[in-house]
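> Just so it is clear, I am handing over model-v5.cif, which has mmCIF, C-alpha atoms and all ligand atoms.
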```
data_data
#
loop_
_atom_site.label_atom_id
_atom_site.label_comp_id
_atom_site.auth_asym_id
_atom_site.auth_seq_id
_atom_site.Cartn_x
_atom_site.Cartn_y
_atom_site.Cartn_z
CA MET A 1 -3.57 30.29 -11.44
CA THR A 2 -5.70 28.05 -9.25
CA GLN A 3 -4.74 24.42 -8.67
CA ASP A 4 -7.57 23.37 -10.95
CA GLU A 5 -6.41 25.71 -13.73
CA LEU A 6 -2.91 24.20 -13.43
CA LYS A 7 -4.42 20.72 -13.77
CA GLN A 8 -6.20 21.87 -16.93
CA LYS A 9 -2.98 23.34 -18.29
CA VAL A 10 -0.99 20.11 -17.87
CA ALA A 11 -3.86 18.09 -19.30
CA GLN A 12 -3.75 20.33 -22.37
CA ALA A 13 0.03 19.86 -22.62
CA ALA A 14 -0.41 16.08 -22.56
CA LEU A 15 -2.41 16.23 -25.80
CA ALA A 16 0.89 16.72 -27.67
CA TYR A 17 1.87 13.17 -26.67
CA ILE A 18 -1.12 11.44 -28.26
CA LYS A 19 -0.65 12.73 -31.81
CA ASP A 20 -0.97 9.92 -34.36
CA ILE A 21 -1.61 7.33 -31.64
CA SER A 22 -4.72 5.26 -32.08
CA ILE A 23 -5.03 3.54 -28.68
CA ILE A 24 -4.07 5.34 -25.47
CA GLY A 25 -4.07 4.39 -21.80
CA VAL A 26 -5.99 6.72 -19.52
CA GLY A 27 -5.61 7.09 -15.74
CA THR A 28 -7.91 8.21 -12.97
CA GLY A 29 -8.39 11.40 -10.95
CA SER A 30 -9.28 15.07 -11.25
CA THR A 31 -6.25 15.96 -13.42
CA THR A 32 -6.91 13.08 -15.79
CA ASN A 33 -10.59 14.07 -15.90
CA HIS A 34 -9.57 17.35 -17.55
CA PHE A 35 -7.59 15.35 -20.09
CA ILE A 36 -10.60 13.09 -20.77
CA ASN A 37 -12.83 16.14 -21.35
CA MET A 38 -10.32 17.40 -23.93
CA LEU A 39 -10.33 14.03 -25.71
CA ALA A 40 -13.83 14.83 -26.99
CA ASP A 41 -12.16 16.84 -29.79
CA PHE A 42 -10.12 13.78 -30.81
CA LYS A 43 -12.84 11.15 -30.80
CA ASN A 44 -12.62 10.72 -34.57
CA ASP A 45 -8.82 10.34 -34.51
CA ILE A 46 -8.58 7.80 -31.69
CA GLU A 47 -9.60 4.17 -32.07
CA GLY A 48 -10.15 3.88 -28.34
CA ALA A 49 -8.68 3.98 -24.84
CA VAL A 50 -7.73 1.45 -22.18
CA SER A 51 -9.16 2.70 -18.90
CA SER A 52 -7.74 2.43 -15.37
CA SER A 53 -11.08 2.51 -13.51
CA GLU A 54 -14.83 2.17 -13.84
CA GLY A 55 -15.10 5.94 -13.23
CA THR A 56 -12.72 6.73 -16.08
CA SER A 57 -14.52 4.27 -18.39
CA GLU A 58 -17.81 6.10 -17.80
CA ARG A 59 -16.25 9.47 -18.50
CA LEU A 60 -14.52 8.23 -21.64
CA LYS A 61 -17.77 6.84 -23.00
CA LYS A 62 -19.55 10.12 -22.20
CA VAL A 63 -17.13 12.08 -24.41
CA GLY A 64 -17.46 9.52 -27.21
CA ILE A 65 -14.25 7.50 -26.73
CA ARG A 66 -14.51 3.73 -27.06
CA VAL A 67 -13.21 1.79 -24.03
CA LEU A 68 -10.99 -1.14 -25.02
CA ASP A 69 -9.86 -4.21 -23.10
CA LEU A 70 -6.11 -4.29 -22.43
CA ASN A 71 -6.08 -7.96 -23.45
CA GLU A 72 -7.12 -6.98 -26.95
CA ALA A 73 -5.17 -3.73 -27.15
CA GLY A 74 -1.73 -5.23 -26.46
CA THR A 75 1.23 -2.98 -25.67
CA LEU A 76 0.15 0.66 -25.54
CA GLU A 77 2.18 3.51 -27.03
CA VAL A 78 1.28 5.96 -24.29
CA TYR A 79 -0.37 6.18 -20.87
CA ILE A 80 -1.53 9.50 -19.38
CA ASP A 81 -2.20 9.71 -15.64
CA GLY A 82 -1.88 11.92 -12.56
CA ALA A 83 -0.08 11.27 -9.27
CA ASP A 84 -0.27 12.07 -5.58
CA GLU A 85 3.47 12.62 -5.16
CA ILE A 86 6.36 12.92 -7.62
CA ASN A 87 10.06 12.96 -6.77
CA PRO A 88 12.87 14.30 -8.99
CA ARG A 89 13.53 10.76 -10.33
CA LYS A 90 9.94 10.66 -11.67
CA GLN A 91 9.04 7.99 -9.11
CA LEU A 92 5.48 8.36 -7.88
CA VAL A 93 3.00 7.67 -5.14
CA LYS A 94 -0.39 6.93 -6.67
CA GLY A 95 -3.70 5.50 -5.52
CA GLY A 96 -5.35 8.46 -3.79
CA GLY A 97 -8.35 7.70 -5.99
CA GLY A 98 -8.15 3.98 -5.27
CA ALA A 99 -7.34 2.92 -8.84
CA LEU A 100 -3.70 1.96 -8.24
CA THR A 101 -3.84 -1.66 -9.42
CA ARG A 102 -5.26 -1.03 -12.86
CA GLU A 103 -3.10 2.10 -13.11
CA LYS A 104 0.03 0.08 -12.43
CA ILE A 105 -0.91 -2.60 -14.93
CA ILE A 106 -1.48 -0.04 -17.68
CA ALA A 107 1.68 1.92 -16.81
CA GLN A 108 3.70 -1.29 -17.08
CA ALA A 109 1.98 -2.26 -20.33
CA SER A 110 2.79 1.10 -21.95
CA LYS A 111 5.89 2.22 -23.80
CA LYS A 112 5.60 5.80 -22.51
CA PHE A 113 4.05 6.97 -19.23
CA ILE A 114 3.24 10.69 -19.17
CA CYS A 115 2.42 11.93 -15.68
CA ILE A 116 0.45 15.17 -15.33
CA ALA A 117 0.17 17.13 -12.09
CA ASP A 118 0.15 20.53 -10.46
CA ASP A 119 3.17 21.68 -8.50
CA SER A 120 1.68 20.69 -5.10
CA LYS A 121 2.59 17.06 -5.97
CA SER A 122 6.35 17.69 -6.28
CA VAL A 123 8.41 16.44 -3.33
CA ASP A 124 12.06 15.60 -2.67
CA VAL A 125 11.26 12.45 -0.67
CA LEU A 126 8.11 10.36 -1.19
CA GLY A 127 5.97 9.42 1.81
CA LYS A 128 4.26 12.52 3.13
CA PHE A 129 1.16 11.47 1.22
CA PRO A 130 -0.07 8.26 2.90
CA LEU A 131 1.02 5.31 0.77
CA PRO A 132 -2.01 3.38 -0.57
CA VAL A 133 -1.82 -0.42 -0.52
CA GLU A 134 -4.59 -2.49 -2.11
CA VAL A 135 -5.11 -5.75 -0.23
CA ILE A 136 -7.23 -8.88 -0.45
CA PRO A 137 -9.91 -8.23 2.24
CA MET A 138 -9.03 -11.25 4.44
CA ALA A 139 -5.37 -10.11 4.58
CA ARG A 140 -6.11 -6.54 5.67
CA SER A 141 -5.12 -6.81 9.35
CA PHE A 142 -2.13 -9.03 8.60
CA VAL A 143 -0.80 -6.59 6.00
CA ALA A 144 -1.46 -3.70 8.39
CA ARG A 145 0.75 -5.38 11.02
CA GLU A 146 3.48 -5.84 8.40
CA MET A 147 3.25 -2.12 7.60
CA VAL A 148 3.84 -1.31 11.28
CA LYS A 149 7.00 -3.46 11.13
CA LEU A 150 8.15 -1.28 8.21
CA GLY A 151 7.71 1.82 10.37
CA GLY A 152 4.38 3.02 8.98
CA GLN A 153 1.00 3.74 10.55
CA PRO A 154 -1.66 1.90 8.56
CA VAL A 155 -5.20 3.28 8.33
CA TRP A 156 -7.97 1.27 6.66
CA ARG A 157 -9.80 3.38 4.03
CA GLU A 158 -13.13 2.07 5.28
CA SER A 159 -15.33 3.85 2.75
CA CYS A 160 -13.53 2.28 -0.21
CA ILE A 161 -14.03 -0.99 -2.06
CA THR A 162 -11.84 -0.99 -5.16
CA ASP A 163 -13.00 -1.82 -8.68
CA ASN A 164 -11.34 -5.21 -8.06
CA HIS A 165 -13.44 -5.73 -4.88
CA ASN A 166 -10.50 -5.28 -2.53
CA HIS A 167 -9.67 -3.04 0.43
CA ILE A 168 -7.15 -0.18 0.71
CA ILE A 169 -4.81 0.57 3.58
CA ASP A 170 -3.23 4.06 3.64
CA VAL A 171 0.18 3.90 5.30
CA HIS A 172 1.14 7.14 7.07
CA ASN A 173 4.51 8.42 8.28
CA LEU A 174 6.79 6.56 5.90
CA SER A 175 9.90 8.37 4.72
CA ILE A 176 10.57 6.53 1.49
CA LEU A 177 14.31 6.89 0.93
CA ASP A 178 14.61 3.82 -1.32
CA PRO A 179 11.34 3.62 -3.29
CA ILE A 180 12.38 0.65 -5.47
CA GLU A 181 13.38 -1.47 -2.48
CA LEU A 182 10.20 -0.60 -0.54
CA GLU A 183 8.05 -1.36 -3.58
CA LYS A 184 9.65 -4.80 -3.87
CA THR A 185 9.31 -5.46 -0.12
CA ILE A 186 5.61 -4.55 0.02
CA ASN A 187 4.87 -6.41 -3.24
CA ASN A 188 6.23 -9.55 -1.59
CA ILE A 189 3.81 -9.56 1.36
CA PRO A 190 1.09 -12.19 0.87
CA GLY A 191 -2.30 -10.52 0.50
CA VAL A 192 -0.92 -7.35 -1.08
CA VAL A 193 -2.43 -6.81 -4.50
CA THR A 194 -0.60 -3.59 -5.33
CA VAL A 195 1.40 -0.92 -3.53
CA GLY A 196 0.91 2.62 -4.82
CA LEU A 197 4.64 3.15 -5.31
CA PHE A 198 5.53 3.57 -8.98
CA ALA A 199 9.31 3.35 -8.74
CA ILE A 200 10.28 0.12 -10.50
CA ARG A 201 8.35 1.55 -13.45
CA PRO A 202 8.48 5.34 -12.94
CA ALA A 203 6.99 7.94 -15.28
CA ASP A 204 8.95 8.68 -18.45
CA VAL A 205 7.83 12.28 -18.68
CA VAL A 206 6.32 14.45 -15.94
CA LEU A 207 4.42 17.61 -16.87
CA ILE A 208 4.15 19.88 -13.84
CA GLY A 209 1.94 22.96 -13.75
CA LYS A 210 3.92 25.62 -11.90
CA GLY A 211 3.09 29.33 -11.80
CA ASP A 212 1.55 29.81 -15.22
CA GLN A 213 3.99 27.44 -16.92
CA VAL A 214 4.19 23.75 -17.71
CA VAL A 215 7.57 22.39 -16.64
CA THR A 216 8.70 19.12 -18.26
CA LEU A 217 10.80 16.68 -16.23
C1 LIG A 301 -5.87 7.62 -8.56
C2 LIG A 301 -4.55 8.29 -8.69
C3 LIG A 301 -4.55 9.71 -9.14
O1 LIG A 301 -3.74 9.83 -10.26
C4 LIG A 301 -4.02 10.57 -8.03
O2 LIG A 301 -4.78 10.34 -6.87
C5 LIG A 301 -4.03 12.04 -8.40
O3 LIG A 301 -5.34 12.50 -8.48
P1 LIG A 301 -5.72 13.99 -8.83
O4 LIG A 301 -5.41 14.20 -10.26
O5 LIG A 301 -7.19 14.09 -8.53
O6 LIG A 301 -4.91 14.90 -7.93
O7 LIG A 301 -3.51 7.73 -8.47
O8 LIG A 301 -5.74 6.33 -8.06
#
```
Kindly transcribe the structure held in the file into structure tokens.
Ligand code: 5RP

Amino acid sequence: MTQDELKQKVAQAALAYIKDISIIGVGTGSTTNHFINMLADFKNDIEGAVSSSEGTSERLKKVGIRVLDLNEAGTLEVYIDGADEINPRKQLVKGGGGALTREKIIAQASKKFICIADDSKSVDVLGKFPLPVEVIPMARSFVAREMVKLGGQPVWRESCITDNHNHIIDVHNLSILDPIELEKTINNIPGVVTVGLFAIRPADVVLIGKGDQVVTL
């Protein structure tokens, strides 16, 4: 199976988790896009979705799903999203698509976080994928210097302005042995909006496409 076929397979498997749920949270990225396409068949069963990015909102509307404001939706039963890296404790690196802040808000506001990914995202130790950090633009260089102190090599993602009008720094060469501690440390730096570590609130279920199977963690 190709990587894209594996993404489709896990997206299909995620449909089992939205049965009888009227409002769902929906993430961002190519794996989640497959899931959104499949939602077209459920548009009459779902009241709507809370979206993690402008891109996802557009796609949801295209397949006939109403986009709802999290403020009105309240606590969500389930959130479906992809990841850039996943460790065996279901802790994640996210933000390759730049949507990490809204993704983290929705993950935290949901009772169940179902992560869908192909096997290339499975790692023992997080950090090979550069860690995205969304920052207030005026704090970019300051936060970059703080990342150097933590042992990383920060690179400004120059082509990217987030949906929240902020910048992203990708931090290379971190070996993240204690994801919860690093998440807290980076969260505490003034100017940081969100770090793409999802360890304090990890996924509850991870569906990994491997070979021609879907493995559930
Ligand atoms: C976007 C994300 C995505 O979930 C992550 O980048 C994975 O994307 P893809 O499904 O395209 O591999 O965190 O901010």
> Please, what distance in Å, to one decimal, runs between CA of Ile46 in chain A and CA of Glu103 in chain A?
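Taking CA of Ile46 in chain A as the start and CA of Glu103 in chain A as the end point, the length is 20.2 Å.
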> Can you pull out the residues contacting Thr101 in chain A? Cut-off 9 Å, using only C-alpha atoms, and skip same-chain residues under 2 positions away; I want them as a list in words.
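Residues meeting the cut-off are Ser52, Gly95, Gly98, Ala99, Glu103, Lys104, Ile105, Ile106, Glu134, Asn164, Val193, Thr194, Val195 and Gly196 of chain A.
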> As a quick test: using only C-alpha atoms and all ligand atoms, which residues lie no more than 9 Å away from ligand LIG 301 (chain A)? Give them as a PyMOL selection string.
chain A and resi 7+27-34+52-53+81-85+93-103+115-118+121+132+196
> What separation in Å, quoted to one decimal, exists between CA of Pro202 in chain A and CA of Leu131 in chain A?
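Going from CA of Pro202 in chain A over to CA of Leu131 in chain A, I get 15.6 Å.
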> Could you check which of A:Val206, A:Ala14, A:Leu70, A:Ile23 is closest to Glu47 in chain A, using only C-alpha atoms?
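Ranked by minimum distance to Glu47 in chain A, first place goes to A:Ile23.
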> Nearest to Asn87 in chain A: which of A:Asp119, A:Asp4, A:Glu58, A:Glu72 is it, counting all atoms listed in the file?
A:Asp119
> Show which residues sit within 6 Å of Pro154 in chain A, as a PyMOL selection string. Count all atoms listed in the file, and ignore same-chain residues fewer than 3 positions away.
chain A and resi 144+170-171
> Taking into account only C-alpha atoms, which residue in the set A:Val123, A:Gly191, A:Asp163, A:Ala107 is nearest to Ala139 in chain A?
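When distances to Ala139 in chain A are compared using only C-alpha atoms, the smallest one comes from A:Gly191.
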> Using all atoms listed in the file, which protein or nucleic acid residues come within 8 Å of Lys90 in chain A? Drop anything in the same chain fewer than 4 positions from it, and give the result as an mmCIF file with C-alpha atoms, keeping the file's coordinate frame.

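Result saved to result-v4.cif:
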```
data_model
loop_
_atom_site.group_PDB
_atom_site.id
_atom_site.type_symbol
_atom_site.label_atom_id
_atom_site.label_comp_id
_atom_site.auth_asym_id
_atom_site.auth_seq_id
_atom_site.Cartn_x
_atom_site.Cartn_y
_atom_site.Cartn_z
ATOM 1 C CA ILE A 86 6.360 12.920 -7.620
ATOM 2 C CA ALA A 199 9.310 3.350 -8.740
ATOM 3 C CA PRO A 202 8.480 5.340 -12.940
ATOM 4 C CA ALA A 203 6.990 7.940 -15.280
ATOM 5 C CA ASP A 204 8.950 8.680 -18.450
ATOM 6 C CA VAL A 205 7.830 12.280 -18.680
ATOM 7 C CA VAL A 206 6.320 14.450 -15.940
ATOM 8 C CA LEU A 217 10.800 16.680 -16.230
#
```
> Kindly provide, as a ChimeraX atom specification, the polymer residues lying within 8 Å of (4.1, 21.3, -17.4), counting all atoms listed in the file and using the coordinates exactly as they appear in the file.
/A:9-10,13,116-117,206-210,213-216
> Write out as a list in words which residues come within 8 Å of Ser51 in chain A when counting all atoms listed in the file, dropping same-chain ones fewer than 4 positions away.
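Close residues of Ser51 in chain A: Gly25, Val26, Gly27, Thr56, Ser57, Val67 and Leu68 of chain A.
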> My list of candidates is A:His172, A:His165, A:Arg145, A:Lys19. Which is closest to Lys128 in chain A when distances are computed with all atoms listed in the file?
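With all atoms listed in the file as the atom set, the closest residue is A:His172.
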> Between A:Ser175, A:Glu54, A:Gly151, A:Phe42, which residue has the minimum interatomic distance to Asp124 in chain A, considering only C-alpha atoms?
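Closest candidate: A:Ser175.
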> For the atom pair CA of Asp69 in chain A and CA of Ile180 in chain A, what is the interatomic distance in Å to one decimal place?
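Computing it gives 28.8 Å between the two atoms.
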> Go through A:Ser110, A:Asn37, A:Gln91, A:Asn71 one by one, measure the shortest atom-to-atom distance of each to Asp178 in chain A using only C-alpha atoms, and give the residue with the smallest value.
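Counting only C-alpha atoms, the residue closest to Asp178 in chain A is A:Gln91.
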> If we count all atoms listed in the file and set the cut-off at 7 Å, which residues sit around Ile65 in chain A, ignoring sequence neighbours fewer than 6 positions away in its own chain? Please answer as a VMD selection string.
chain A and resid 43 48 to 49
